[in-house]
Amino acid sequence: MSRLFASVRARATLAATLVVAVALVAAGTAVLLSLRSNLLGEAGTQAERSARDVATSLAVGTRYTELNLDDDDRPVQVVDEAGTLVAASEDLERITGTGVDAVTPQPSASPSDDGDDGDDDDDSGESLEAGEIGEPATVGDGTATVDGDTEDYRFVAVPVETRGGDQLTVYAGAPLSAEHGAVNTALTVMLIGFPLLLAVVAWVTWLVTRRALRPVEGIRREMAAITASEDLARRVPVPGTHDEVARLATTTNQTLAALESSVERQRRFVADASHELRSPIASLRTQLEVAAAHPELLDLDGAVEDTVRLQRLAADLLLLARLDAGERPADARVDLAALAREAAGGRTGVSVRGDAAVHVAGSRGQLG
């Protein structure tokens, strides 16, 4: 698995696909929740409308025994204040979720007097006047079997007080089949469309990253060729995109130019050092060979001069080597006067006057 995602293209494709996947899941979840909430709200509105229609009939004087509840395929229950089912849809066979599981109306156990307003017998939590309809309340979700068909419903309860003083509660339901169907359809579309969309995103990302990284591969190949051939005069191609890759190629070429210049300086230095060392060494050797054959002809002063010259060249070569190695000034304080006297010691015709100390910050080797 680590080798599979070892390339930048693979990691970029995976990252882009994961980001889009998270965004799609979040957006899909929000859409489904919003759709479900809207459809449940619509179902609650339809149930409230059905319950209010029945409650309005009761409020204007229609007795619950005279209600026509067969024209609507939605389940309806009318319950008195004692919890007794006094009216229900004729085709209602089974119901759950309203708190009243009965489907067969029973005679009301509550007192009713057409000539009394029933105010003395009002023990409910909500005080209603005769012919008044109370605020609807959502009971919740449940199931109902109407004419042999069982479906899920959202039930709403609407309280009403008849002109005869009966306190009744009308339960009406609206089917949730539309909500379930719409949510399931949306979920199916998402389950089919999201993988296809992710595949398209991964494919496009793979192509785009390949095109974007093509100059980088060209730079890598050219650098490998330069390393193999040791030809520092070659340069990597610079794309005309003026982006980060182009700046990388430009910086790489600048590095190659600096490296080429450094190598060229080293070559010139080696050639110059060889030339400078050849003369004193050859002179010293000649003098020693002559002295070995004819001791009386030994030029001691010339031998000493050639030896001092070789010493100076060796010191200069050591200094250049230190500078090329990247020696940097330290934080230590160096007595420049003492260093000058030390460097002048043993040199013919060179002297340092003055005893005052001159302290500077720097590298003792470079100052020497």
# chains A, B, ... in the order shown; residues from 1 in each chain; ligands from 1

call {"tool": "select_by_dssp", "arguments": {"residues": "range 43-157 of chain A", "states": "strand (DSSP E)", "output": "ChimeraX atom specification"}}
result
/A:76-80,85-88,92-96,137-146,149-157

call {"tool": "write_last_selection", "arguments": {"atoms": "N, CA and C atoms", "output": "CSV table (one decimal), in the first residue's frame"}}
result
chain,number,residue,atom,x,y,z
A,76,VAL,N,-59.1,8.5,10.7
A,76,VAL,CA,-59.6,9.5,11.6
A,76,VAL,C,-60.2,8.8,12.8
A,77,GLN,N,-59.9,9.3,14.0
A,77,GLN,CA,-60.5,8.9,15.3
A,77,GLN,C,-61.1,10.1,16.0
A,78,VAL,N,-62.2,9.9,16.6
A,78,VAL,CA,-62.8,10.9,17.5
A,78,VAL,C,-62.9,10.3,18.9
A,79,VAL,N,-62.3,10.9,19.9
A,79,VAL,CA,-62.2,10.4,21.2
A,79,VAL,C,-62.8,11.4,22.2
A,80,ASP,N,-63.6,10.9,23.2
A,80,ASP,CA,-64.1,11.9,24.1
A,80,ASP,C,-63.1,12.1,25.2
A,85,LEU,N,-63.3,5.8,22.2
A,85,LEU,CA,-63.5,6.1,20.8
A,85,LEU,C,-65.0,6.2,20.5
A,86,VAL,N,-65.4,7.3,20.0
A,86,VAL,CA,-66.8,7.5,19.7
A,86,VAL,C,-67.1,7.6,18.2
A,87,ALA,N,-66.1,7.8,17.4
A,87,ALA,CA,-66.2,7.8,16.0
A,87,ALA,C,-64.9,7.5,15.3
A,88,ALA,N,-65.0,6.8,14.2
A,88,ALA,CA,-63.7,6.4,13.5
A,88,ALA,C,-64.1,6.2,12.0
A,92,LEU,N,-61.3,1.7,8.8
A,92,LEU,CA,-60.1,1.6,9.7
A,92,LEU,C,-60.1,0.2,10.4
A,93,GLU,N,-59.1,-0.5,10.2
A,93,GLU,CA,-59.0,-1.9,10.7
A,93,GLU,C,-58.0,-2.0,11.9
A,94,ARG,N,-57.0,-1.1,11.9
A,94,ARG,CA,-55.9,-1.2,12.9
A,94,ARG,C,-55.2,0.1,12.9
A,95,ILE,N,-54.8,0.6,14.1
A,95,ILE,CA,-54.1,1.9,14.2
A,95,ILE,C,-53.2,1.8,15.4
A,96,THR,N,-52.0,2.4,15.3
A,96,THR,CA,-51.1,2.6,16.4
A,96,THR,C,-50.5,4.0,16.3
A,137,ALA,N,-52.0,19.7,17.9
A,137,ALA,CA,-50.7,19.2,18.5
A,137,ALA,C,-50.3,17.9,17.7
A,138,THR,N,-49.1,17.8,17.3
A,138,THR,CA,-48.6,16.7,16.6
A,138,THR,C,-48.4,15.5,17.6
A,139,VAL,N,-49.0,14.4,17.4
A,139,VAL,CA,-48.9,13.3,18.3
A,139,VAL,C,-47.7,12.5,18.0
A,140,GLY,N,-47.4,12.3,16.7
A,140,GLY,CA,-46.2,11.5,16.3
A,140,GLY,C,-46.5,10.6,15.1
A,141,ASP,N,-45.6,9.7,14.9
A,141,ASP,CA,-45.8,8.8,13.7
A,141,ASP,C,-46.3,7.4,14.2
A,142,GLY,N,-47.0,6.8,13.4
A,142,GLY,CA,-47.5,5.4,13.7
A,142,GLY,C,-48.0,4.7,12.4
A,143,THR,N,-48.7,3.7,12.6
A,143,THR,CA,-49.2,2.9,11.4
A,143,THR,C,-50.7,2.7,11.5
A,144,ALA,N,-51.3,2.5,10.4
A,144,ALA,CA,-52.8,2.3,10.3
A,144,ALA,C,-53.1,1.4,9.1
A,145,THR,N,-54.1,0.6,9.3
A,145,THR,CA,-54.5,-0.3,8.2
A,145,THR,C,-55.9,0.2,7.8
A,146,VAL,N,-56.0,0.7,6.6
A,146,VAL,CA,-57.3,1.2,6.1
A,146,VAL,C,-57.6,0.4,4.9
A,149,ASP,N,-55.0,-1.9,3.5
A,149,ASP,CA,-53.6,-1.4,3.2
A,149,ASP,C,-53.0,-0.8,4.5
A,150,THR,N,-51.8,-1.3,4.8
A,150,THR,CA,-51.1,-0.8,6.0
A,150,THR,C,-50.0,0.2,5.5
A,151,GLU,N,-50.0,1.4,6.1
A,151,GLU,CA,-49.0,2.4,5.8
A,151,GLU,C,-48.6,3.1,7.1
A,152,ASP,N,-47.5,3.8,6.9
A,152,ASP,CA,-47.0,4.7,8.0
A,152,ASP,C,-47.7,6.1,7.9
A,153,TYR,N,-48.1,6.6,9.0
A,153,TYR,CA,-48.8,7.9,9.0
A,153,TYR,C,-48.2,8.8,10.1
A,154,ARG,N,-48.4,10.1,9.8
A,154,ARG,CA,-48.1,11.1,10.9
A,154,ARG,C,-49.5,11.6,11.4
A,155,PHE,N,-49.7,11.6,12.7
A,155,PHE,CA,-50.9,11.9,13.3
A,155,PHE,C,-50.9,13.2,14.0
A,156,VAL,N,-52.0,13.9,13.9
A,156,VAL,CA,-52.2,15.2,14.6
A,156,VAL,C,-53.5,15.2,15.3
A,157,ALA,N,-53.5,15.7,16.5
A,157,ALA,CA,-54.6,15.8,17.4
A,157,ALA,C,-55.2,17.2,17.5

call {"tool": "closest_residue", "arguments": {"among": "A:Asn253, A:Thr65, A:Ser274, A:Thr17", "to": "Gln106 in chain A", "atoms": "only C-alpha atoms"}}
result
A:Thr65

call {"tool": "select_by_dssp", "arguments": {"residues": "range 135-332 of chain A", "states": "alpha helix (DSSP H)", "output": "VMD selection string"}}
result
chain A and resid 177 to 229 244 to 293 300 to 324

call {"tool": "write_last_selection", "arguments": {"atoms": "C-alpha atoms", "output": "short mmCIF file (atom, residue, chain, number, x, y, z; two decimals), in the first residue's frame"}}
result
data_model
loop_
_atom_site.label_atom_id
_atom_site.label_comp_id
_atom_site.auth_asym_id
_atom_site.auth_seq_id
_atom_site.Cartn_x
_atom_site.Cartn_y
_atom_site.Cartn_z
CA SER A 177 -45.45 6.97 1.79
CA ALA A 178 -44.52 10.06 -0.21
CA GLU A 179 -41.84 10.95 2.34
CA HIS A 180 -40.43 7.43 2.36
CA GLY A 181 -40.56 7.23 -1.42
CA ALA A 182 -38.85 10.58 -1.96
CA VAL A 183 -36.14 9.90 0.62
CA ASN A 184 -35.49 6.40 -0.74
CA THR A 185 -35.34 7.72 -4.30
CA ALA A 186 -32.92 10.47 -3.32
CA LEU A 187 -30.81 7.97 -1.37
CA THR A 188 -30.72 5.58 -4.33
CA VAL A 189 -29.67 8.37 -6.68
CA MET A 190 -26.90 9.37 -4.27
CA LEU A 191 -25.67 5.81 -3.82
CA ILE A 192 -25.44 5.42 -7.60
CA GLY A 193 -24.28 8.92 -8.50
CA PHE A 194 -21.71 9.53 -5.75
CA PRO A 195 -19.38 6.65 -6.74
CA LEU A 196 -19.57 7.69 -10.38
CA LEU A 197 -18.82 11.29 -9.47
CA LEU A 198 -15.90 10.21 -7.26
CA ALA A 199 -14.54 8.09 -10.11
CA VAL A 200 -14.70 11.11 -12.43
CA VAL A 201 -12.98 13.30 -9.82
CA ALA A 202 -10.21 10.72 -9.33
CA TRP A 203 -9.71 10.33 -13.09
CA VAL A 204 -9.61 14.08 -13.74
CA THR A 205 -7.26 14.64 -10.79
CA TRP A 206 -4.96 11.88 -12.06
CA LEU A 207 -4.80 13.47 -15.53
CA VAL A 208 -4.33 17.01 -14.21
CA THR A 209 -1.55 16.02 -11.81
CA ARG A 210 0.19 14.05 -14.56
CA ARG A 211 0.16 17.11 -16.79
CA ALA A 212 1.26 19.38 -13.94
CA LEU A 213 4.13 17.10 -12.89
CA ARG A 214 5.37 16.37 -16.41
CA PRO A 215 7.96 19.23 -16.24
CA VAL A 216 9.17 17.88 -12.89
CA GLU A 217 9.83 14.51 -14.50
CA GLY A 218 11.73 16.28 -17.28
CA ILE A 219 13.87 18.07 -14.68
CA ARG A 220 14.55 14.76 -12.90
CA ARG A 221 15.62 13.02 -16.10
CA GLU A 222 17.94 15.86 -17.07
CA MET A 223 19.50 15.94 -13.60
CA ALA A 224 20.07 12.18 -13.79
CA ALA A 225 21.74 12.63 -17.19
CA ILE A 226 23.95 15.44 -15.84
CA THR A 227 24.98 13.27 -12.89
CA ALA A 228 25.81 10.35 -15.17
CA SER A 229 27.76 12.44 -17.72
CA GLU A 244 6.36 26.95 -8.99
CA VAL A 245 7.79 24.29 -11.31
CA ALA A 246 9.28 26.95 -13.59
CA ARG A 247 10.85 28.68 -10.59
CA LEU A 248 12.23 25.32 -9.41
CA ALA A 249 13.83 24.75 -12.82
CA THR A 250 15.30 28.27 -12.81
CA THR A 251 16.76 27.77 -9.33
CA THR A 252 18.16 24.39 -10.36
CA ASN A 253 19.92 25.96 -13.34
CA GLN A 254 21.34 28.67 -11.10
CA THR A 255 22.65 25.98 -8.75
CA LEU A 256 24.21 24.12 -11.68
CA ALA A 257 25.84 27.35 -12.89
CA ALA A 258 27.29 28.03 -9.43
CA LEU A 259 28.51 24.44 -9.19
CA GLU A 260 30.09 24.67 -12.64
CA SER A 261 31.83 27.91 -11.69
CA SER A 262 33.11 26.38 -8.46
CA VAL A 263 34.46 23.32 -10.24
CA GLU A 264 36.09 25.55 -12.85
CA ARG A 265 37.77 27.62 -10.12
CA GLN A 266 39.05 24.46 -8.49
CA ARG A 267 40.48 23.25 -11.78
CA ARG A 268 42.22 26.58 -12.38
CA PHE A 269 43.48 26.58 -8.82
CA VAL A 270 44.95 23.09 -9.19
CA ALA A 271 46.56 24.07 -12.50
CA ASP A 272 47.99 27.31 -11.05
CA ALA A 273 49.22 25.55 -7.92
CA SER A 274 50.92 22.87 -10.00
CA HIS A 275 52.58 25.53 -12.12
CA GLU A 276 53.70 27.54 -9.09
CA LEU A 277 55.07 24.50 -7.26
CA ARG A 278 56.88 23.12 -10.31
CA SER A 279 59.47 25.92 -10.53
CA PRO A 280 60.75 25.99 -6.88
CA ILE A 281 60.71 22.22 -6.64
CA ALA A 282 62.68 21.86 -9.88
CA SER A 283 65.16 24.56 -8.76
CA LEU A 284 65.60 22.99 -5.34
CA ARG A 285 66.11 19.55 -6.87
CA THR A 286 68.72 20.89 -9.30
CA GLN A 287 70.60 22.59 -6.47
CA LEU A 288 70.57 19.45 -4.36
CA GLU A 289 71.76 17.29 -7.28
CA VAL A 290 74.61 19.72 -8.02
CA ALA A 291 75.53 19.84 -4.32
CA ALA A 292 75.57 16.05 -4.19
CA ALA A 293 77.99 15.91 -7.11
CA LEU A 300 72.71 27.51 0.26
CA ASP A 301 70.94 30.87 0.06
CA GLY A 302 69.08 29.83 -3.10
CA ALA A 303 68.01 26.55 -1.52
CA VAL A 304 66.68 28.39 1.54
CA GLU A 305 64.82 30.86 -0.70
CA ASP A 306 63.21 28.04 -2.70
CA THR A 307 62.25 26.27 0.51
CA VAL A 308 60.62 29.45 1.92
CA ARG A 309 58.77 29.90 -1.34
CA LEU A 310 57.46 26.35 -1.11
CA GLN A 311 56.41 27.00 2.49
CA ARG A 312 54.46 30.10 1.48
CA LEU A 313 52.77 28.27 -1.38
CA ALA A 314 51.80 25.44 0.97
CA ALA A 315 50.37 27.98 3.46
CA ASP A 316 48.41 29.70 0.72
CA LEU A 317 47.04 26.37 -0.51
CA LEU A 318 45.98 25.48 3.03
CA LEU A 319 44.22 28.83 3.41
CA LEU A 320 42.35 28.39 0.12
CA ALA A 321 41.38 24.88 1.13
CA ARG A 322 39.94 26.20 4.40
CA LEU A 323 38.02 28.91 2.58
CA ASP A 324 36.60 26.41 0.09
#

call {"tool": "closest_residue", "arguments": {"among": "A:Asp299, A:Asp70, A:Glu342, A:Glu90", "to": "Gly368 in chain A", "atoms": "only C-alpha atoms"}}
result
A:Glu342

call {"tool": "residues_around", "arguments": {"residues": "Glu161 in chain A", "least_positions_apart": "4", "cutoff": "10 Å", "atoms": "only C-alpha atoms", "output": "count of residues only"}}
result
23
